[in-house]
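Chemist: This is final_16.txt, which holds compact mmCIF, C-alpha atoms and all ligand atoms:
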```
# COMPACT_ATOMS: atom_id res chain seq x y z
CA MET A 901 27.70 -66.31 0.91
CA LYS A 902 27.51 -62.78 -0.47
CA ASP A 903 25.24 -61.76 2.44
CA ILE A 904 27.74 -63.05 5.00
CA VAL A 905 30.57 -60.98 3.42
CA MET A 906 28.41 -57.86 3.53
CA GLU A 907 27.60 -58.49 7.13
CA LYS A 908 31.30 -58.68 7.98
CA ASP A 909 31.97 -55.43 6.09
CA GLN A 910 29.12 -53.72 7.86
CA LYS A 911 30.51 -54.77 11.23
CA LYS A 912 33.88 -53.26 10.29
CA VAL A 913 32.21 -50.00 9.24
CA PHE A 914 30.19 -49.81 12.46
CA ALA A 915 33.31 -50.53 14.55
CA LYS A 916 35.18 -47.71 12.78
CA PHE A 917 32.22 -45.37 13.26
CA ASN A 918 32.06 -46.18 16.97
CA ASP A 919 35.80 -45.46 17.34
CA LEU A 920 35.31 -42.18 15.53
CA ALA A 921 32.36 -41.16 17.73
CA LEU A 922 34.23 -42.06 20.93
CA GLY A 923 37.30 -40.16 19.75
CA ARG A 924 35.22 -37.07 19.00
CA ARG A 925 33.48 -37.26 22.35
CA ASP A 926 36.90 -37.36 24.03
CA ILE A 927 38.11 -34.31 22.08
CA THR A 928 34.92 -32.37 22.96
CA LYS A 929 35.25 -33.30 26.64
CA HIS A 930 38.78 -31.91 26.89
CA SER A 931 38.35 -28.89 24.64
CA SER A 932 38.32 -25.30 25.96
CA LYS A 933 34.99 -23.68 26.73
CA ASP A 934 36.21 -20.39 25.21
CA LEU A 935 35.16 -19.57 21.68
CA PRO A 936 37.97 -19.93 19.10
CA LYS A 937 39.91 -16.69 18.59
CA TYR A 938 40.15 -17.11 14.82
CA SER A 939 37.37 -16.44 12.33
CA TYR A 940 36.59 -18.33 9.17
CA ALA A 941 37.48 -16.73 5.85
CA VAL A 942 33.94 -17.28 4.61
CA ASN A 943 32.54 -15.29 7.57
CA GLU A 944 34.92 -12.40 6.89
CA PHE A 945 33.91 -12.49 3.22
CA VAL A 946 30.23 -12.40 4.17
CA SER A 947 30.75 -9.57 6.66
CA VAL A 948 32.26 -7.37 3.91
CA PHE A 949 29.35 -7.98 1.52
CA HIS A 950 26.59 -8.26 4.11
CA PRO A 951 27.72 -6.38 7.23
CA SER A 952 25.23 -6.54 10.12
CA GLN A 953 25.01 -2.74 9.96
CA MET A 954 26.33 -0.03 7.64
CA GLU A 955 27.07 3.65 8.03
CA VAL A 956 25.62 5.42 5.01
CA VAL A 957 25.47 8.94 3.64
CA VAL A 958 22.62 10.49 1.64
CA THR A 959 24.00 11.45 -1.77
CA LYS A 960 20.84 12.68 -3.51
CA ILE A 961 17.24 13.51 -2.62
CA VAL A 962 14.56 13.58 -5.33
CA GLU A 963 11.05 14.88 -4.77
CA GLU A 964 8.82 12.29 -6.48
CA ASN A 965 5.55 14.07 -5.70
CA GLU A 966 3.96 16.34 -3.11
CA ASN A 967 4.45 13.98 -0.18
CA THR A 968 7.00 11.43 -1.41
CA LYS A 969 10.77 11.66 -1.69
CA SER A 970 13.48 9.29 -2.85
CA PHE A 971 16.81 9.13 -1.02
CA TRP A 972 19.99 7.76 -2.59
CA ILE A 973 22.34 6.34 0.02
CA LYS A 974 25.86 4.94 -0.24
CA ARG A 975 28.27 3.37 2.21
CA GLU A 976 30.62 5.74 3.99
CA ASP A 977 33.49 3.24 3.76
CA GLY A 978 33.26 3.33 -0.06
CA GLU A 979 32.34 -0.39 -0.39
CA SER A 980 29.46 -1.52 -2.60
CA MET A 981 26.03 -1.88 -1.07
CA PRO A 982 25.19 -5.55 -0.39
CA PRO A 983 23.52 -7.52 -3.21
CA PHE A 984 19.78 -7.86 -2.57
CA GLN A 985 16.72 -9.64 -3.90
CA ALA A 986 14.26 -7.25 -5.56
CA GLY A 987 11.53 -6.56 -2.99
CA SER A 988 13.86 -6.51 0.05
CA TYR A 989 13.92 -3.78 2.68
CA ILE A 990 16.52 -2.12 4.86
CA THR A 991 15.98 -0.85 8.40
CA LEU A 992 16.85 2.83 8.75
CA GLU A 993 17.91 4.20 12.12
CA VAL A 994 16.91 7.82 12.66
CA HIS A 995 17.93 9.96 15.65
CA THR A 996 15.51 12.81 16.28
CA ASN A 997 13.97 14.56 19.32
CA GLY A 998 16.61 12.81 21.46
CA ARG A 999 15.12 9.42 20.53
CA ILE A 1000 16.21 6.55 18.30
CA TYR A 1001 13.71 5.21 15.76
CA LYS A 1002 14.19 2.25 13.42
CA ARG A 1003 11.90 1.79 10.43
CA PRO A 1004 11.89 -0.64 7.49
CA TYR A 1005 11.93 0.86 3.98
CA THR A 1006 11.86 -1.14 0.75
CA ILE A 1007 14.69 -0.61 -1.72
CA SER A 1008 13.27 0.90 -4.90
CA SER A 1009 16.45 0.88 -7.01
CA ASP A 1010 17.68 -1.82 -9.40
CA THR A 1011 19.38 -4.95 -8.10
CA ASP A 1012 22.32 -4.51 -10.48
CA SER A 1013 23.32 -1.00 -9.38
CA LEU A 1014 25.01 -1.52 -6.05
CA LYS A 1015 26.99 1.70 -5.83
CA GLU A 1016 23.97 3.16 -4.06
CA TYR A 1017 20.50 2.14 -2.93
CA ARG A 1018 17.40 4.22 -3.41
CA ILE A 1019 14.67 4.19 -0.78
CA THR A 1020 11.42 6.03 -1.42
CA ILE A 1021 9.48 7.40 1.54
CA GLN A 1022 5.95 8.75 1.60
CA GLU A 1023 5.04 10.97 4.50
CA GLU A 1024 2.58 9.10 6.71
CA LYS A 1025 -0.03 10.67 8.96
CA ASN A 1026 1.59 10.85 12.43
CA GLY A 1027 4.73 9.17 11.02
CA ILE A 1028 7.65 10.59 13.03
CA VAL A 1029 10.35 9.05 10.86
CA SER A 1030 8.66 9.63 7.50
CA HIS A 1031 8.04 13.27 8.49
CA TYR A 1032 11.66 13.69 9.56
CA MET A 1033 12.93 12.16 6.32
CA CYS A 1034 10.61 14.19 4.07
CA TYR A 1035 11.18 17.56 5.79
CA ASP A 1036 14.46 17.54 7.75
CA CYS A 1037 16.79 15.12 5.98
CA LYS A 1038 19.37 16.78 3.72
CA GLU A 1039 22.04 15.59 1.32
CA ASN A 1040 25.23 14.46 3.15
CA ASP A 1041 23.25 13.47 6.26
CA LYS A 1042 24.51 10.23 7.76
CA PHE A 1043 22.54 7.24 9.04
CA THR A 1044 23.00 3.69 10.24
CA VAL A 1045 21.13 1.06 8.25
CA TYR A 1046 20.62 -2.69 8.75
CA GLY A 1047 19.87 -5.30 6.12
CA PRO A 1048 18.75 -5.91 3.40
CA PHE A 1049 16.08 -8.30 4.72
CA GLY A 1050 12.72 -9.72 3.68
CA HIS A 1051 10.85 -12.55 1.98
CA PHE A 1052 8.83 -10.55 -0.54
CA HIS A 1053 10.62 -11.57 -3.70
CA TYR A 1054 10.22 -13.72 -6.80
CA SER A 1055 11.47 -17.32 -6.79
CA MET A 1056 11.82 -19.25 -10.06
CA ILE A 1057 11.40 -22.56 -8.21
CA ARG A 1058 8.29 -21.53 -6.29
CA ASP A 1059 6.44 -19.00 -8.43
CA SER A 1060 4.70 -19.09 -11.80
CA SER A 1061 6.48 -17.49 -14.76
CA ASP A 1062 3.36 -15.36 -15.31
CA ILE A 1063 2.86 -12.92 -12.49
CA ILE A 1064 0.36 -10.26 -11.48
CA CYS A 1065 1.56 -7.38 -9.29
CA LEU A 1066 -1.09 -5.49 -7.34
CA ALA A 1067 0.44 -2.36 -5.82
CA GLY A 1068 -1.22 0.44 -3.88
CA GLY A 1069 0.29 3.84 -3.02
CA SER A 1070 3.87 3.64 -1.76
CA GLY A 1071 3.63 -0.18 -1.94
CA ILE A 1072 4.94 0.25 -5.49
CA THR A 1073 8.55 0.73 -4.27
CA GLY A 1074 9.57 -2.93 -3.95
CA VAL A 1075 7.34 -3.93 -6.86
CA ARG A 1076 9.13 -1.44 -9.12
CA SER A 1077 12.47 -2.98 -8.25
CA MET A 1078 11.03 -6.48 -8.85
CA ILE A 1079 9.49 -5.66 -12.24
CA PHE A 1080 12.69 -4.08 -13.59
CA ASP A 1081 14.78 -6.99 -12.30
CA LEU A 1082 12.49 -9.70 -13.71
CA LEU A 1083 12.16 -8.12 -17.14
CA LYS A 1084 15.89 -7.47 -17.43
CA SER A 1085 16.85 -10.98 -16.33
CA LYS A 1086 14.04 -12.56 -18.43
CA LYS A 1087 13.09 -14.74 -15.46
CA VAL A 1088 9.35 -14.45 -16.18
CA SER A 1089 7.16 -14.82 -19.28
CA SER A 1090 4.71 -12.05 -18.42
CA ILE A 1091 3.97 -9.37 -15.83
CA ALA A 1092 0.68 -7.50 -15.37
CA LEU A 1093 0.89 -4.56 -12.99
CA VAL A 1094 -2.19 -2.92 -11.50
CA TYR A 1095 -1.07 0.20 -9.66
CA GLY A 1096 -3.66 1.99 -7.56
CA THR A 1097 -3.23 5.55 -6.32
CA LYS A 1098 -5.59 8.30 -5.15
CA THR A 1099 -4.86 10.72 -8.00
CA VAL A 1100 -2.80 10.80 -11.14
CA ASN A 1101 -0.21 12.99 -9.40
CA ASP A 1102 0.39 10.22 -6.87
CA ILE A 1103 1.62 7.78 -9.52
CA LEU A 1104 5.34 7.18 -9.03
CA TRP A 1105 7.67 6.50 -12.00
CA LYS A 1106 4.80 6.61 -14.54
CA LYS A 1107 7.14 7.55 -17.37
CA GLU A 1108 9.44 4.64 -16.53
CA PHE A 1109 6.56 2.15 -16.42
CA ASP A 1110 5.08 3.45 -19.67
CA GLU A 1111 8.43 3.16 -21.46
CA LEU A 1112 8.94 -0.31 -20.04
CA ALA A 1113 5.50 -1.36 -21.35
CA LYS A 1114 6.37 0.04 -24.79
CA LYS A 1115 9.66 -1.88 -24.93
CA ASN A 1116 8.37 -5.15 -23.43
CA LYS A 1117 5.31 -6.76 -24.98
CA ASN A 1118 5.08 -9.10 -21.98
CA PHE A 1119 4.60 -6.21 -19.51
CA LYS A 1120 1.26 -4.48 -19.09
CA VAL A 1121 0.46 -1.68 -16.68
CA THR A 1122 -2.95 -0.41 -15.53
CA TYR A 1123 -3.23 2.70 -13.38
CA LEU A 1124 -6.29 2.84 -11.16
CA LEU A 1125 -7.39 6.08 -9.49
CA SER A 1126 -9.55 6.00 -6.37
CA GLU A 1127 -10.10 9.73 -5.73
CA GLU A 1128 -9.91 11.41 -9.13
CA LYS A 1129 -12.18 10.75 -12.09
CA ARG A 1130 -10.47 11.05 -15.47
CA ASP A 1131 -11.57 9.75 -18.85
CA ASP A 1132 -8.23 8.10 -19.59
CA TYR A 1133 -7.90 6.16 -16.31
CA PRO A 1134 -10.08 3.50 -14.69
CA TYR A 1135 -11.67 4.71 -11.46
CA GLY A 1136 -12.21 2.84 -8.18
CA LEU A 1137 -10.58 0.24 -5.98
CA MET A 1138 -9.15 -3.16 -6.87
CA ASP A 1139 -12.25 -5.33 -6.97
CA GLU A 1140 -13.42 -8.74 -8.16
CA GLU A 1141 -14.35 -7.51 -11.63
CA LEU A 1142 -10.92 -5.99 -12.18
CA LEU A 1143 -9.15 -9.14 -11.01
CA ARG A 1144 -11.33 -11.38 -13.19
CA SER A 1145 -10.37 -9.25 -16.22
CA LEU A 1146 -6.72 -10.24 -15.73
CA ASN A 1147 -6.94 -13.93 -16.71
CA LEU A 1148 -5.91 -15.39 -13.37
CA GLU A 1149 -5.26 -19.00 -14.36
CA GLY A 1150 -1.84 -20.25 -13.17
CA LYS A 1151 -0.59 -16.84 -12.08
CA THR A 1152 1.34 -15.86 -8.95
CA PHE A 1153 0.24 -12.64 -7.24
CA PHE A 1154 2.55 -10.10 -5.62
CA VAL A 1155 0.56 -7.75 -3.41
CA SER A 1156 2.05 -4.66 -1.84
CA GLY A 1157 0.17 -1.73 -0.38
CA PRO A 1158 -1.83 -0.49 2.58
CA VAL A 1159 -3.31 -2.99 5.03
CA ALA A 1160 -6.89 -2.18 3.93
CA MET A 1161 -6.03 -3.05 0.32
CA TYR A 1162 -4.53 -6.38 1.30
CA GLN A 1163 -7.55 -7.23 3.47
CA ALA A 1164 -9.99 -6.40 0.66
CA LEU A 1165 -7.97 -8.41 -1.86
CA ASN A 1166 -7.74 -11.33 0.50
CA GLU A 1167 -11.53 -11.62 0.55
CA ILE A 1168 -11.60 -11.53 -3.26
CA PHE A 1169 -8.88 -14.21 -3.49
CA ILE A 1170 -11.00 -16.47 -1.25
CA LYS A 1171 -14.10 -15.80 -3.40
CA LEU A 1172 -12.15 -16.57 -6.57
CA ASP A 1173 -10.72 -19.77 -5.06
CA ILE A 1174 -7.12 -18.65 -5.39
CA PRO A 1175 -5.04 -20.65 -2.91
CA ASN A 1176 -2.59 -18.89 -0.57
CA LYS A 1177 0.37 -20.60 -2.21
CA PHE A 1178 -0.12 -18.36 -5.26
CA ILE A 1179 -0.13 -15.13 -3.23
CA ARG A 1180 2.95 -13.29 -1.98
CA HIS A 1181 2.60 -10.14 0.04
CA GLU A 1182 4.70 -7.76 2.06
CA GLU A 1183 4.33 -8.59 5.71
CA PHE A 1184 2.17 -6.35 7.83
CA ARG A 1185 0.31 -6.56 11.10
CA ASP A 1186 -2.71 -4.56 12.14
CA PRO A 1187 -2.27 -2.64 15.38
CA LEU A 1188 -4.15 -4.57 18.06
CA GLU A 1189 -7.25 -2.89 19.46
CA THR A 1190 -6.66 -1.68 23.00
CA ASP A 1191 -9.20 -0.48 25.55
CA GLU A 1192 -8.69 2.55 27.74
CA GLU A 1193 -5.21 3.96 27.89
CA GLU A 1194 -3.26 2.89 30.98
CA ILE A 1195 0.32 3.68 31.86
CA TYR A 1196 2.46 0.83 33.20
CA GLU A 1197 6.12 0.17 33.94
CA LEU A 1198 8.37 -1.71 31.53
CA THR A 1199 11.48 -3.30 33.07
CA ILE A 1200 14.05 -4.28 30.45
CA HIS A 1201 16.91 -6.68 31.14
CA GLN A 1202 19.63 -6.68 28.53
CA LYS A 1203 23.16 -8.04 28.83
CA GLY A 1204 23.26 -7.58 32.61
CA ASN A 1205 21.76 -4.06 32.54
CA VAL A 1206 18.31 -3.18 33.86
CA THR A 1207 16.31 -0.21 32.54
CA VAL A 1208 12.86 0.85 33.73
CA ILE A 1209 10.66 3.05 31.52
CA PRO A 1210 6.94 3.88 31.34
CA CYS A 1211 4.83 2.08 28.76
CA LYS A 1212 1.33 2.82 27.48
CA SER A 1213 -1.34 0.18 26.87
CA SER A 1214 -1.99 1.79 23.47
CA GLU A 1215 1.63 1.46 22.30
CA THR A 1216 3.77 -1.54 21.51
CA LEU A 1217 6.69 -2.23 23.85
CA VAL A 1218 9.01 -1.14 21.04
CA GLN A 1219 7.18 2.20 20.72
CA SER A 1220 7.52 2.66 24.48
CA MET A 1221 11.24 1.90 24.21
CA GLU A 1222 11.55 4.57 21.51
CA GLU A 1223 9.69 7.08 23.69
CA GLY A 1224 11.86 6.06 26.66
CA ARG A 1225 15.01 6.81 24.61
CA PHE A 1226 15.99 3.15 24.63
CA SER A 1227 17.50 1.69 21.45
CA ALA A 1228 15.08 -1.11 20.57
CA PRO A 1229 16.43 -4.16 18.70
CA VAL A 1230 14.12 -4.11 15.64
CA HIS A 1231 14.26 -4.79 11.93
CA CYS A 1232 10.81 -5.45 10.44
CA THR A 1233 8.66 -3.82 13.21
CA VAL A 1234 5.72 -6.07 12.27
CA GLY A 1235 6.44 -9.23 14.28
CA VAL A 1236 7.78 -11.29 11.42
CA CYS A 1237 11.59 -11.30 11.28
CA GLY A 1238 12.10 -12.51 14.87
CA TYR A 1239 14.96 -10.06 15.52
CA CYS A 1240 13.30 -8.55 18.62
CA ARG A 1241 12.31 -11.98 20.10
CA SER A 1242 12.41 -11.51 23.89
CA LYS A 1243 11.50 -13.49 26.98
CA LEU A 1244 8.50 -12.29 28.97
CA LEU A 1245 9.69 -12.56 32.59
CA SER A 1246 6.53 -11.22 34.24
CA GLY A 1247 3.32 -9.33 33.54
CA THR A 1248 0.43 -9.78 31.12
CA VAL A 1249 0.40 -8.62 27.53
CA LYS A 1250 -1.72 -8.56 24.40
CA THR A 1251 0.42 -9.87 21.60
CA ASP A 1252 0.48 -11.35 18.12
CA THR A 1253 2.05 -14.82 18.27
CA SER A 1254 1.36 -15.84 14.66
CA ALA A 1255 5.03 -15.67 13.66
CA LEU A 1256 6.33 -17.45 16.78
CA ARG A 1257 7.03 -21.18 17.04
CA LYS A 1258 4.76 -23.11 19.41
CA LYS A 1259 7.72 -23.86 21.67
CA ASP A 1260 8.49 -20.12 21.90
CA VAL A 1261 4.90 -19.39 22.88
CA ASP A 1262 5.03 -22.14 25.56
CA LEU A 1263 8.30 -20.71 26.91
CA LYS A 1264 6.77 -17.19 27.00
CA TYR A 1265 8.76 -15.57 24.22
CA ILE A 1266 7.21 -12.50 22.56
CA HIS A 1267 7.96 -10.06 19.77
CA PRO A 1268 7.93 -6.66 21.55
CA CYS A 1269 7.27 -4.86 18.24
CA VAL A 1270 3.73 -6.35 18.24
CA THR A 1271 3.17 -6.62 21.99
CA TYR A 1272 1.01 -4.28 24.12
CA PRO A 1273 1.21 -4.20 27.94
CA LEU A 1274 -1.82 -5.02 30.08
CA SER A 1275 0.09 -4.62 33.37
CA ASP A 1276 3.62 -3.80 34.52
CA VAL A 1277 5.88 -5.92 32.33
CA GLU A 1278 9.38 -7.30 32.68
CA ILE A 1279 11.22 -8.64 29.63
CA GLU A 1280 14.67 -9.88 28.68
CA LEU A 1281 15.88 -8.53 25.36
CA PRO A 1282 18.30 -10.46 23.10
S1 LIG B 1 11.39 -6.46 14.67
FE1 LIG B 1 10.93 -8.16 13.44
S2 LIG B 1 9.80 -9.40 14.80
FE2 LIG B 1 10.06 -7.58 15.94
```
Re-express the file's structure as structure tokens.
Ligand code: FES
Modeler:
Amino acid sequence: MKDIVMEKDQKKVFAKFNDLALGRRDITKHSSKDLPKYSYAVNEFVSVFHPSQMEVVVTKIVEENENTKSFWIKREDGESMPPFQAGSYITLEVHTNGRIYKRPYTISSDTDSLKEYRITIQEEKNGIVSHYMCYDCKENDKFTVYGPFGHFHYSMIRDSSDIICLAGGSGITGVRSMIFDLLKSKKVSSIALVYGTKTVNDILWKKEFDELAKKNKNFKVTYLLSEEKRDDYPYGLMDEELLRSLNLEGKTFFVSGPVAMYQALNEIFIKLDIPNKFIRHEEFRDPLETDEEEIYELTIHQKGNVTVIPCKSSETLVQSMEEGRFSAPVHCTVGVCGYCRSKLLSGTVKTDTSALRKKDVDLKYIHPCVTYPLSDVEIELP
């Protein structure tokens, strides 16, 4: 008897649901194709705290060492900088030599001081933007920045409460922000930092790390020098022996540094049977090997406009856009964030598809920031 009653009730519910679905279909059919003119309060709220781009001014420049400087930036409109997860980066837009360059830089300041951000930039060999920032940028200079973005951060749900940070060179920037945040918020039980640099003068924020280690028994720091032998510092590169000395059981690793360091560590992780799920690293992509240098034509379609510029087989399509004085739509520049995802209309390319969905690959979508031309190429930008 009970079953029969339930059946009747179910029929009523289904009938109501059908009416609802038909009614909605009718409304959709007769509704305007134009987008609504109003915006939702929540979107306006989000756009104040996380605008898609911000105009910022440099308030202070600090020389950290011979080839590294920190830049304090604040919003021109006087609003706070957006809240960010320690380890995130912003994309900095730099106009120089009549060209527009966009480069990602990790925020090195604390997550709870949002009046300003600090980004720390080391001059790279052949780095146009890092050279410009280290030698030409002055206080009160203005820039456009995008973000913060990124996935290199600690998660209480996903990661162990005992973590090991392996940082090399300027890779310390995001790690510094993470360590200060995690110790202050007491989100982790212990942190071991191994910080590798070439010489002792290259160590950034040594005093800060040493004081932090004195105040927090659960934080240990080891400085490792690769090009200077000193009695009071271990010498060499991060190797198996060093990792084994850290008591690896149940730890999550945060790795940030040059590509070569990550590649070397990756081999050690495999040897030590440490699964990928315990390893977090800043995203990077190796430049693809290209054969002889050829010059092709890149045709760009964007919002009804067509631009044709030269492109070299040795440069990514984004680099060619920069050289061609075309403002490229980029955030991460390493083929991970998907912001530059574009349709390949014609031509052949050498590209990294590891961050693309299979469907995107089938439909010939590419990330121009990690794509090299092998012929004349035609693409449609977002
Ligand atoms: S800029 Fe992020 S994928 Fe190209």
Chemist: Might you pull out every residue within 9 Å of Pro1158 in chain A, with only C-alpha atoms counted and same-chain residues fewer than 4 positions away left off, and present them as a PyMOL selection string?
Modeler: chain A and resi 1067-1071+1162-1163+1184
Chemist: Considering all atoms listed in the file, state which residue in the set A:Ile1091, A:Ile990, A:Ala1113, A:Val948 is at the smallest distance from ligand LIG 1 (chain B).
Modeler: A:Ile990
Chemist: So which residues are near ligand LIG 1 (chain B), meaning at most 10 Å away with all atoms listed in the file counted, given back as number ranges by chain?
Modeler: A: 991, 1002-1004, 1218, 1228-1242, 1255-1256, 1266-1271
Chemist: Could you tell me which of A:Glu1280, A:Glu955, A:Val1045, A:Cys1034 comes closest to Leu992 in chain A if we count only C-alpha atoms?
Modeler: A:Val1045
Chemist: Between CA of Val1094 in chain A and CA of Lys1120 in chain A, what is the distance, to one decimal in Å?
Modeler: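 Separation of CA of Val1094 in chain A and CA of Lys1120 in chain A: 8.5 Å.
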Chemist: Skipping near chain neighbours, those fewer than 5 positions away, what residues fall within 9 Å of range 958-961 of chain A using all atoms listed in the file, listed as number ranges by chain?
Modeler: A: 969-974, 1016, 1037-1043
Chemist: Calculated over only C-alpha atoms, which of the candidates A:Asn1118, A:Thr1099, A:Ser1055, A:Ser1246 has the smallest distance to Leu1083 in chain A?
Modeler: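 Smallest distance to Leu1083 in chain A is found for A:Asn1118.
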